[in-house]
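So the structure is just underneath, and the comments pick up after that.
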Amino acid sequence: MTQHTDQTADFSEQEAIRRAKLQALTEEGGNPYLLTRFDATHTSDAIKGSFSSLEGQTVSVAGRMVSRRIMGKAAFLHLLDSKGKIQAYVRRDDIGAEAYQAFRNLDLGDVLGIRGRVFLTQTGEVSVHAESVTLLAKCLKPLPDKWHGLQDTDLRYRQRYLDMIVSPEVRDVFIKRTRIINAIRSFLDGRGYLEVDTPILHTLEIGAAARPFKTHHNTLDIDMFLRVETELYLKRLIVGGFDRVYEIGRIFRNEGMDTRHNPEFTSVEAYQAYADYHDMMDLAEQMISQVALEVCGTTEITFQGQAVSLKAPWPRLSMAELVLRESGIDFFSWRSDEEARECLKARKVHTEPHFTRGDCLAELFDEYVEDKLIQPTFVIDYPVEISPLAKRKPEDPRLTERFELFILGSEFGNAFSELNDPIDQRARFIRQVEERRKLGGLNAQVDEDYLNALEYGLPPTGGIGIGVDRLIMLLTDSASIRDVLLFPTMKPVS
């Protein structure tokens, strides 16, 4: 016989009572953990939605008991399943005195299977009149108070399972998350893009700004790095002959955490041969507006009280133009890098001795512009110094055919006309590696295999990456990225 005692644990009074009930059940041969399945014929929403055809019919439902009201020889309870709640009516004369006493000994949170007839109560609530009640799993910990829910935000993220039990609306966010990702996939599939998978473990540390997570492969005895992007492998596939590819997957960056950043997050990257960054702007605004329509039913949404219109088309403004408008500083008036740095010092804007004119323009954008871009805006024509994978503008090689999409003062996407000149790319990779090593990335290397692929010829290509989690935050009105990640990264409890 299975024993359910734990002499070393320090249980609360309620936990001790629940464990004692479980032990008593086990000793009587009623261990609920031995049950392997329960045939639930209907979900809560199916019963309520089809009441006219199910009235008087026998159904089986399963879920967690989240409320109960005992009135002597009868009781009402609510079961919570994956689709919502349904009321059940349990009467001693219907299930028998012994079974009814066992039912009275159950606790809120216990997982039950109920078989009975569908009926409508005098108050008009669709319910199940129980013919049998089966305990499927014992809840050994008391649920939080139903009126106040789970108040501890840290505990909500650590114990998402409990958060979803006491706050069913939390589950709605994650159902919507799946719908959003499916809508993105459907949009790209419908336009001839091929979904692919690329490696998560890389043998090179790449990227100038993003710090990777490092691990070690024992068999090969080499250090490896979790990917900080999917870009270079996807563009290899364009070289290989796929004209349109995309990947939705996890990205890992060993960086800070706040309401918009988590060390692992989801992105979608898409690449199209014979296209440029204008095509990627079209793709972004069409995809996001269509996803909003499909999931929210409208392109006019509200985020934390701020109205946002996702209806296309969206403004396309150059970084230099926006900086001039907001700060009065003209990027094109600077005659040297030193003059640009002095300009920033005069405005008390952060600068470094190695900053070029392009670096200075980016700093001014961060200082004066970014937080003012509330409605969807494409910021285009970034300096070459901060765009190592973007093609230069033919009419001004200081700038690149690159854009970032901003909504509500946050970056939602990044895209280029992809650099396909292997000689220029090598020079920029070398500069990128130098910058990475200055930031402590001593293992940073040039990706020689990617350069080798470019030497076989990458056709003119447009590429884009969009932060899926931020898009989900926007479309679910969630203030923190942790609210849209089922299990966000948390500091271990000491």
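Identifiers in this document derive from the order of the structure tokens: chains are assigned A, B, ..., residues are numbered from 1 separately in each chain, and ligands are numbered from 1 in order of occurrence.
For range 339-345 of chain A, the non-local neighbours within 9 Å, defined as residues at least 2 positions apart in the same chain or in other chains and counting only C-alpha atoms, are Ile329, Phe331, Trp334, Arg335, Ser336, Asp337, Arg347, Lys348, Val349, His350, Thr351, Glu352, Pro353, Phe355, Thr356, Arg357, Gly358, Cys360, Leu361, Glu363 and Leu364 of chain A.
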Please write the residues from the selection above to a file, keeping C-alpha atoms, as a PDB file, in the first residue's frame.
```pdb
ATOM      1  CA  ILE A 329      21.004  69.138 -34.743  1.00  0.00           C
ATOM      2  CA  PHE A 331      23.809  65.206 -38.952  1.00  0.00           C
ATOM      3  CA  TRP A 334      29.129  67.705 -39.163  1.00  0.00           C
ATOM      4  CA  ARG A 335      32.448  67.828 -41.004  1.00  0.00           C
ATOM      5  CA  SER A 336      34.308  65.368 -38.767  1.00  0.00           C
ATOM      6  CA  ASP A 337      33.831  62.767 -36.037  1.00  0.00           C
ATOM      7  CA  ARG A 347      24.279  68.922 -25.153  1.00  0.00           C
ATOM      8  CA  LYS A 348      25.488  66.714 -22.268  1.00  0.00           C
ATOM      9  CA  VAL A 349      24.667  63.602 -24.296  1.00  0.00           C
ATOM     10  CA  HIS A 350      26.738  60.455 -23.726  1.00  0.00           C
ATOM     11  CA  THR A 351      29.725  60.028 -26.009  1.00  0.00           C
ATOM     12  CA  GLU A 352      32.908  57.955 -26.169  1.00  0.00           C
ATOM     13  CA  PRO A 353      36.349  58.826 -27.600  1.00  0.00           C
ATOM     14  CA  PHE A 355      32.451  57.534 -31.501  1.00  0.00           C
ATOM     15  CA  THR A 356      32.057  58.393 -35.162  1.00  0.00           C
ATOM     16  CA  ARG A 357      29.442  60.703 -36.650  1.00  0.00           C
ATOM     17  CA  GLY A 358      27.171  57.706 -37.106  1.00  0.00           C
ATOM     18  CA  CYS A 360      26.732  60.220 -32.396  1.00  0.00           C
ATOM     19  CA  LEU A 361      23.594  60.325 -34.541  1.00  0.00           C
ATOM     20  CA  GLU A 363      22.983  58.576 -29.405  1.00  0.00           C
ATOM     21  CA  LEU A 364      20.998  61.689 -30.276  1.00  0.00           C
TER      22      LEU A 364
END
```
Can you pull out every residue within 7 Å of range 71-88 of chain A, counting only C-alpha atoms, but drop anything in the same chain fewer than 6 positions away, and send it as a short mmCIF file (atom, residue, chain, number, x, y, z; two decimals) with C-alpha atoms, in the first residue's frame?
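Just written: out32.cif:
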```
data_model
loop_
_atom_site.label_atom_id
_atom_site.label_comp_id
_atom_site.auth_asym_id
_atom_site.auth_seq_id
_atom_site.Cartn_x
_atom_site.Cartn_y
_atom_site.Cartn_z
CA THR A 43 -15.88 20.80 -21.80
CA SER A 44 -17.62 23.53 -19.85
CA ASP A 45 -18.10 25.82 -22.84
CA ALA A 62 -13.46 17.06 -15.45
CA GLY A 63 -11.74 19.95 -13.78
CA ARG A 64 -10.68 21.61 -10.55
CA MET A 65 -13.23 22.39 -7.85
CA SER A 127 -25.40 22.91 -14.70
CA VAL A 128 -24.66 19.21 -14.40
CA HIS A 129 -26.80 17.16 -12.00
CA ALA A 130 -24.22 14.68 -10.66
#
```
**Message:** Applying 10 Å and only C-alpha atoms, which residues near Asp424 in chain A remain after dropping the ones on its own chain fewer than 6 positions away? List them as a PyMOL selection string.
**Reply:** chain A and resi 388-389+391-392
Output of the above residues as an mmCIF file, in the first residue's frame, restricted to N, CA and C atoms:
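So the final result, stored in out_2.cif, reads:
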```cif
data_model
loop_
_atom_site.group_PDB
_atom_site.id
_atom_site.type_symbol
_atom_site.label_atom_id
_atom_site.label_comp_id
_atom_site.auth_asym_id
_atom_site.auth_seq_id
_atom_site.Cartn_x
_atom_site.Cartn_y
_atom_site.Cartn_z
ATOM 1 N N PRO A 388 26.086 46.627 -39.174
ATOM 2 C CA PRO A 388 27.148 45.840 -39.822
ATOM 3 C C PRO A 388 26.664 44.855 -40.882
ATOM 4 N N LEU A 389 25.364 44.609 -40.975
ATOM 5 C CA LEU A 389 24.864 43.635 -41.944
ATOM 6 C C LEU A 389 23.953 44.267 -42.995
ATOM 7 N N LYS A 391 23.068 46.943 -46.248
ATOM 8 C CA LYS A 391 23.672 47.482 -47.471
ATOM 9 C C LYS A 391 23.717 49.008 -47.398
ATOM 10 N N ARG A 392 24.826 49.583 -47.867
ATOM 11 C CA ARG A 392 24.948 51.040 -47.885
ATOM 12 C C ARG A 392 23.963 51.648 -48.885
#
```
**Item:** Test item: residues at most 8 Å from Leu405 in chain A, only C-alpha atoms, excluding those fewer than 3 positions along its chain, as a PyMOL selection string
**Value:** chain A and resi 376-379+411-414
Save the residues we just selected, N, CA and C atoms, as an mmCIF file, in the first residue's frame?
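Ended up saving to result_10.cif:
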```cif
data_model
loop_
_atom_site.group_PDB
_atom_site.id
_atom_site.type_symbol
_atom_site.label_atom_id
_atom_site.label_comp_id
_atom_site.auth_asym_id
_atom_site.auth_seq_id
_atom_site.Cartn_x
_atom_site.Cartn_y
_atom_site.Cartn_z
ATOM 1 N N PRO A 376 2.892 53.661 -34.759
ATOM 2 C CA PRO A 376 3.856 52.896 -35.552
ATOM 3 C C PRO A 376 4.618 53.780 -36.535
ATOM 4 N N THR A 377 5.940 53.710 -36.479
ATOM 5 C CA THR A 377 6.796 54.537 -37.327
ATOM 6 C C THR A 377 8.013 53.736 -37.764
ATOM 7 N N PHE A 378 8.314 53.766 -39.054
ATOM 8 C CA PHE A 378 9.546 53.176 -39.560
ATOM 9 C C PHE A 378 10.628 54.248 -39.539
ATOM 10 N N VAL A 379 11.660 54.021 -38.745
ATOM 11 C CA VAL A 379 12.832 54.906 -38.731
ATOM 12 C C VAL A 379 13.844 54.293 -39.684
ATOM 13 N N GLU A 411 11.296 49.594 -29.681
ATOM 14 C CA GLU A 411 11.634 48.969 -30.962
ATOM 15 C C GLU A 411 10.940 47.618 -31.071
ATOM 16 N N PHE A 412 10.228 47.406 -32.176
ATOM 17 C CA PHE A 412 9.506 46.160 -32.407
ATOM 18 C C PHE A 412 10.120 45.325 -33.519
ATOM 19 N N GLY A 413 10.895 45.943 -34.390
ATOM 20 C CA GLY A 413 11.464 45.195 -35.504
ATOM 21 C C GLY A 413 12.687 45.882 -36.059
ATOM 22 N N ASN A 414 13.521 45.094 -36.745
ATOM 23 C CA ASN A 414 14.769 45.578 -37.307
ATOM 24 C C ASN A 414 14.922 44.918 -38.669
#
```
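Remark: for Ala479 in chain A, the closest of the candidate residues A:Glu27, A:Asp258, A:Glu247, A:Asp163 is A:Asp258 (distances computed over only C-alpha atoms).
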**Near-Glu404 in chain A list (12 Å; only C-alpha atoms; drop same-chain fewer than 5 positions) as a PyMOL selection string** = chain A and resi 277-278+280-281+284+315-319+370+373+376-382+387+409-416+463-467
Could you please take those selected residues and save N, CA and C atoms as a compact mmCIF listing (two decimals), in the first residue's frame?
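Saved the output as again.txt:
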```
# COMPACT_ATOMS: atom_id res chain seq x y z
N TYR A 277 14.66 46.84 -48.35
CA TYR A 277 14.04 47.19 -47.06
C TYR A 277 12.68 47.84 -47.23
N HIS A 278 12.39 48.39 -48.40
CA HIS A 278 11.04 48.90 -48.64
C HIS A 278 10.03 47.75 -48.67
N MET A 280 10.37 45.03 -47.03
CA MET A 280 10.24 44.56 -45.65
C MET A 280 9.33 45.48 -44.82
N MET A 281 9.33 46.78 -45.15
CA MET A 281 8.38 47.68 -44.49
C MET A 281 6.95 47.31 -44.86
N ALA A 284 6.05 44.18 -42.92
CA ALA A 284 5.83 44.39 -41.49
C ALA A 284 4.47 45.01 -41.22
N PRO A 315 4.16 55.90 -41.21
CA PRO A 315 5.18 56.86 -41.64
C PRO A 315 6.56 56.21 -41.77
N ARG A 316 7.35 56.72 -42.75
CA ARG A 316 8.71 56.26 -42.98
C ARG A 316 9.62 57.48 -42.96
N LEU A 317 10.36 57.64 -41.85
CA LEU A 317 11.14 58.86 -41.63
C LEU A 317 12.59 58.49 -41.33
N SER A 318 13.53 59.26 -41.88
CA SER A 318 14.93 58.94 -41.66
C SER A 318 15.36 59.33 -40.25
N MET A 319 16.36 58.62 -39.74
CA MET A 319 16.89 58.91 -38.41
C MET A 319 17.41 60.34 -38.34
N GLU A 370 13.42 58.59 -29.56
CA GLU A 370 12.82 57.25 -29.41
C GLU A 370 11.53 57.24 -28.61
N LEU A 373 8.04 58.28 -30.26
CA LEU A 373 7.45 57.55 -31.38
C LEU A 373 6.37 56.62 -30.85
N PRO A 376 2.89 53.66 -34.76
CA PRO A 376 3.86 52.90 -35.55
C PRO A 376 4.62 53.78 -36.54
N THR A 377 5.94 53.71 -36.48
CA THR A 377 6.80 54.54 -37.33
C THR A 377 8.01 53.74 -37.76
N PHE A 378 8.31 53.77 -39.05
CA PHE A 378 9.55 53.18 -39.56
C PHE A 378 10.63 54.25 -39.54
N VAL A 379 11.66 54.02 -38.74
CA VAL A 379 12.83 54.91 -38.73
C VAL A 379 13.84 54.29 -39.68
N ILE A 380 14.19 55.02 -40.74
CA ILE A 380 14.99 54.45 -41.83
C ILE A 380 16.35 55.12 -41.93
N ASP A 381 17.24 54.50 -42.71
CA ASP A 381 18.54 55.06 -43.09
C ASP A 381 19.45 55.26 -41.89
N TYR A 382 19.84 54.14 -41.28
CA TYR A 382 20.73 54.14 -40.11
C TYR A 382 22.18 54.29 -40.53
N SER A 387 25.28 49.37 -38.22
CA SER A 387 24.49 48.48 -39.09
C SER A 387 25.43 47.56 -39.86
N GLY A 409 7.26 54.05 -28.26
CA GLY A 409 8.60 54.34 -27.78
C GLY A 409 9.51 53.14 -27.66
N SER A 410 9.09 51.99 -28.19
CA SER A 410 9.90 50.78 -28.13
C SER A 410 10.15 50.23 -29.53
N GLU A 411 11.30 49.59 -29.68
CA GLU A 411 11.63 48.97 -30.96
C GLU A 411 10.94 47.62 -31.07
N PHE A 412 10.23 47.41 -32.18
CA PHE A 412 9.51 46.16 -32.41
C PHE A 412 10.12 45.32 -33.52
N GLY A 413 10.90 45.94 -34.39
CA GLY A 413 11.46 45.20 -35.50
C GLY A 413 12.69 45.88 -36.06
N ASN A 414 13.52 45.09 -36.75
CA ASN A 414 14.77 45.58 -37.31
C ASN A 414 14.92 44.92 -38.67
N ALA A 415 15.28 45.69 -39.70
CA ALA A 415 15.31 45.13 -41.05
C ALA A 415 16.33 45.87 -41.91
N PHE A 416 16.78 45.16 -42.95
CA PHE A 416 17.77 45.73 -43.87
C PHE A 416 17.46 45.35 -45.31
N GLY A 463 15.56 41.54 -45.46
CA GLY A 463 15.37 40.70 -44.27
C GLY A 463 14.82 41.51 -43.12
N ILE A 464 14.08 40.83 -42.24
CA ILE A 464 13.47 41.51 -41.10
C ILE A 464 13.41 40.58 -39.90
N GLY A 465 13.57 41.16 -38.72
CA GLY A 465 13.36 40.45 -37.47
C GLY A 465 12.38 41.24 -36.61
N ILE A 466 11.40 40.55 -36.06
CA ILE A 466 10.38 41.19 -35.22
C ILE A 466 10.32 40.48 -33.88
N GLY A 467 10.30 41.24 -32.79
CA GLY A 467 10.18 40.68 -31.46
C GLY A 467 8.75 40.21 -31.21
```
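Atom pair CA of His217 in chain A / CA of His261 in chain A has a distance of 27.7 Å (rounded to one decimal).
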**Message:** Could you pull out the helix (DSSP H, G or I) residues of range 315-478 of chain A, going by DSSP on the backbone, and write them as a PyMOL selection string?
**Reply:** chain A and resi 319-327+331-333+337-346+357-368+370-372+384-386+422-438+448-455+468-476
Would you export the selected residues with C-alpha atoms as a PDB file, in the first residue's frame, please?
```pdb
ATOM      1  CA  MET A 319      16.890  58.909 -38.406  1.00  0.00           C
ATOM      2  CA  ALA A 320      18.683  62.117 -39.369  1.00  0.00           C
ATOM      3  CA  GLU A 321      15.382  63.841 -40.204  1.00  0.00           C
ATOM      4  CA  LEU A 322      13.855  62.865 -36.841  1.00  0.00           C
ATOM      5  CA  VAL A 323      16.935  63.986 -34.877  1.00  0.00           C
ATOM      6  CA  LEU A 324      16.901  67.342 -36.668  1.00  0.00           C
ATOM      7  CA  ARG A 325      13.197  67.769 -35.943  1.00  0.00           C
ATOM      8  CA  GLU A 326      13.459  66.962 -32.226  1.00  0.00           C
ATOM      9  CA  SER A 327      16.887  68.390 -31.349  1.00  0.00           C
ATOM     10  CA  PHE A 331      23.809  65.206 -38.952  1.00  0.00           C
ATOM     11  CA  PHE A 332      24.806  66.366 -42.419  1.00  0.00           C
ATOM     12  CA  SER A 333      26.390  69.554 -41.074  1.00  0.00           C
ATOM     13  CA  ASP A 337      33.831  62.767 -36.037  1.00  0.00           C
ATOM     14  CA  GLU A 338      35.460  65.131 -33.541  1.00  0.00           C
ATOM     15  CA  GLU A 339      32.955  67.873 -34.358  1.00  0.00           C
ATOM     16  CA  ALA A 340      30.119  65.399 -33.820  1.00  0.00           C
ATOM     17  CA  ARG A 341      31.484  64.342 -30.416  1.00  0.00           C
ATOM     18  CA  GLU A 342      31.884  67.979 -29.345  1.00  0.00           C
ATOM     19  CA  CYS A 343      28.279  68.624 -30.348  1.00  0.00           C
ATOM     20  CA  LEU A 344      27.102  65.835 -28.042  1.00  0.00           C
ATOM     21  CA  LYS A 345      29.270  67.065 -25.177  1.00  0.00           C
ATOM     22  CA  ALA A 346      27.741  70.519 -25.522  1.00  0.00           C
ATOM     23  CA  ARG A 357      29.442  60.703 -36.650  1.00  0.00           C
ATOM     24  CA  GLY A 358      27.171  57.706 -37.106  1.00  0.00           C
ATOM     25  CA  ASP A 359      27.524  56.667 -33.456  1.00  0.00           C
ATOM     26  CA  CYS A 360      26.732  60.220 -32.396  1.00  0.00           C
ATOM     27  CA  LEU A 361      23.594  60.325 -34.541  1.00  0.00           C
ATOM     28  CA  ALA A 362      22.388  57.112 -32.882  1.00  0.00           C
ATOM     29  CA  GLU A 363      22.983  58.576 -29.405  1.00  0.00           C
ATOM     30  CA  LEU A 364      20.998  61.689 -30.276  1.00  0.00           C
ATOM     31  CA  PHE A 365      18.162  59.530 -31.563  1.00  0.00           C
ATOM     32  CA  ASP A 366      18.074  57.640 -28.260  1.00  0.00           C
ATOM     33  CA  GLU A 367      18.154  60.882 -26.298  1.00  0.00           C
ATOM     34  CA  TYR A 368      15.673  63.024 -28.219  1.00  0.00           C
ATOM     35  CA  GLU A 370      12.824  57.247 -29.414  1.00  0.00           C
ATOM     36  CA  ASP A 371      10.341  57.776 -26.581  1.00  0.00           C
ATOM     37  CA  LYS A 372       8.282  60.175 -28.734  1.00  0.00           C
ATOM     38  CA  VAL A 384      26.752  52.259 -41.327  1.00  0.00           C
ATOM     39  CA  GLU A 385      28.716  52.105 -38.038  1.00  0.00           C
ATOM     40  CA  ILE A 386      25.769  50.594 -36.173  1.00  0.00           C
ATOM     41  CA  PRO A 422      31.657  39.842 -49.172  1.00  0.00           C
ATOM     42  CA  ILE A 423      34.592  42.280 -49.153  1.00  0.00           C
ATOM     43  CA  ASP A 424      32.619  45.036 -47.414  1.00  0.00           C
ATOM     44  CA  GLN A 425      31.080  42.454 -45.073  1.00  0.00           C
ATOM     45  CA  ARG A 426      34.517  41.187 -44.019  1.00  0.00           C
ATOM     46  CA  ALA A 427      35.674  44.702 -43.162  1.00  0.00           C
ATOM     47  CA  ARG A 428      32.547  45.315 -41.102  1.00  0.00           C
ATOM     48  CA  PHE A 429      32.833  41.960 -39.337  1.00  0.00           C
ATOM     49  CA  ILE A 430      36.396  42.798 -38.352  1.00  0.00           C
ATOM     50  CA  ARG A 431      35.229  46.113 -36.872  1.00  0.00           C
ATOM     51  CA  GLN A 432      32.365  44.313 -35.143  1.00  0.00           C
ATOM     52  CA  VAL A 433      34.744  41.771 -33.578  1.00  0.00           C
ATOM     53  CA  GLU A 434      36.998  44.574 -32.365  1.00  0.00           C
ATOM     54  CA  GLU A 435      34.018  46.286 -30.726  1.00  0.00           C
ATOM     55  CA  ARG A 436      32.884  43.003 -29.182  1.00  0.00           C
ATOM     56  CA  ARG A 437      36.304  42.373 -27.690  1.00  0.00           C
ATOM     57  CA  LYS A 438      36.352  45.857 -26.181  1.00  0.00           C
ATOM     58  CA  GLU A 448      34.357  32.803 -42.048  1.00  0.00           C
ATOM     59  CA  ASP A 449      31.791  30.287 -43.260  1.00  0.00           C
ATOM     60  CA  TYR A 450      29.184  33.016 -43.714  1.00  0.00           C
ATOM     61  CA  LEU A 451      31.707  35.055 -45.701  1.00  0.00           C
ATOM     62  CA  ASN A 452      32.416  31.947 -47.758  1.00  0.00           C
ATOM     63  CA  ALA A 453      28.677  31.675 -48.499  1.00  0.00           C
ATOM     64  CA  LEU A 454      28.572  35.338 -49.579  1.00  0.00           C
ATOM     65  CA  GLU A 455      31.432  34.699 -51.999  1.00  0.00           C
ATOM     66  CA  VAL A 468       7.214  38.349 -31.040  1.00  0.00           C
ATOM     67  CA  ASP A 469       6.906  38.836 -27.280  1.00  0.00           C
ATOM     68  CA  ARG A 470       6.661  42.613 -27.600  1.00  0.00           C
ATOM     69  CA  LEU A 471       4.016  42.226 -30.282  1.00  0.00           C
ATOM     70  CA  ILE A 472       2.083  39.918 -27.961  1.00  0.00           C
ATOM     71  CA  MET A 473       2.417  42.455 -25.141  1.00  0.00           C
ATOM     72  CA  LEU A 474       0.951  45.090 -27.464  1.00  0.00           C
ATOM     73  CA  LEU A 475      -1.990  42.970 -28.614  1.00  0.00           C
ATOM     74  CA  THR A 476      -2.848  41.670 -25.118  1.00  0.00           C
TER      75      THR A 476
END
```
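Take CA of Glu418 in chain A and CA of Thr198 in chain A: the distance between them is 18.6 Å.
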**Message:** Could you go through range 430-466 of chain A and tell me which residues DSSP, when run on the backbone, assigns to strand (DSSP E), listing them as a list in words?
**Reply:** Thr461, Gly462, Gly463, Ile464, Gly465 and Ile466 of chain A
**Top pick for closest residue to Asn420 in chain A, considering A:Ile200, A:Leu232, A:Val493, A:Ala312 and counting only C-alpha atoms** = A:Leu232
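Nearest residue to Phe303 in chain A among A:Gln286, A:Thr36, A:Ser478, A:Thr203 is A:Ser478, counting only C-alpha atoms.
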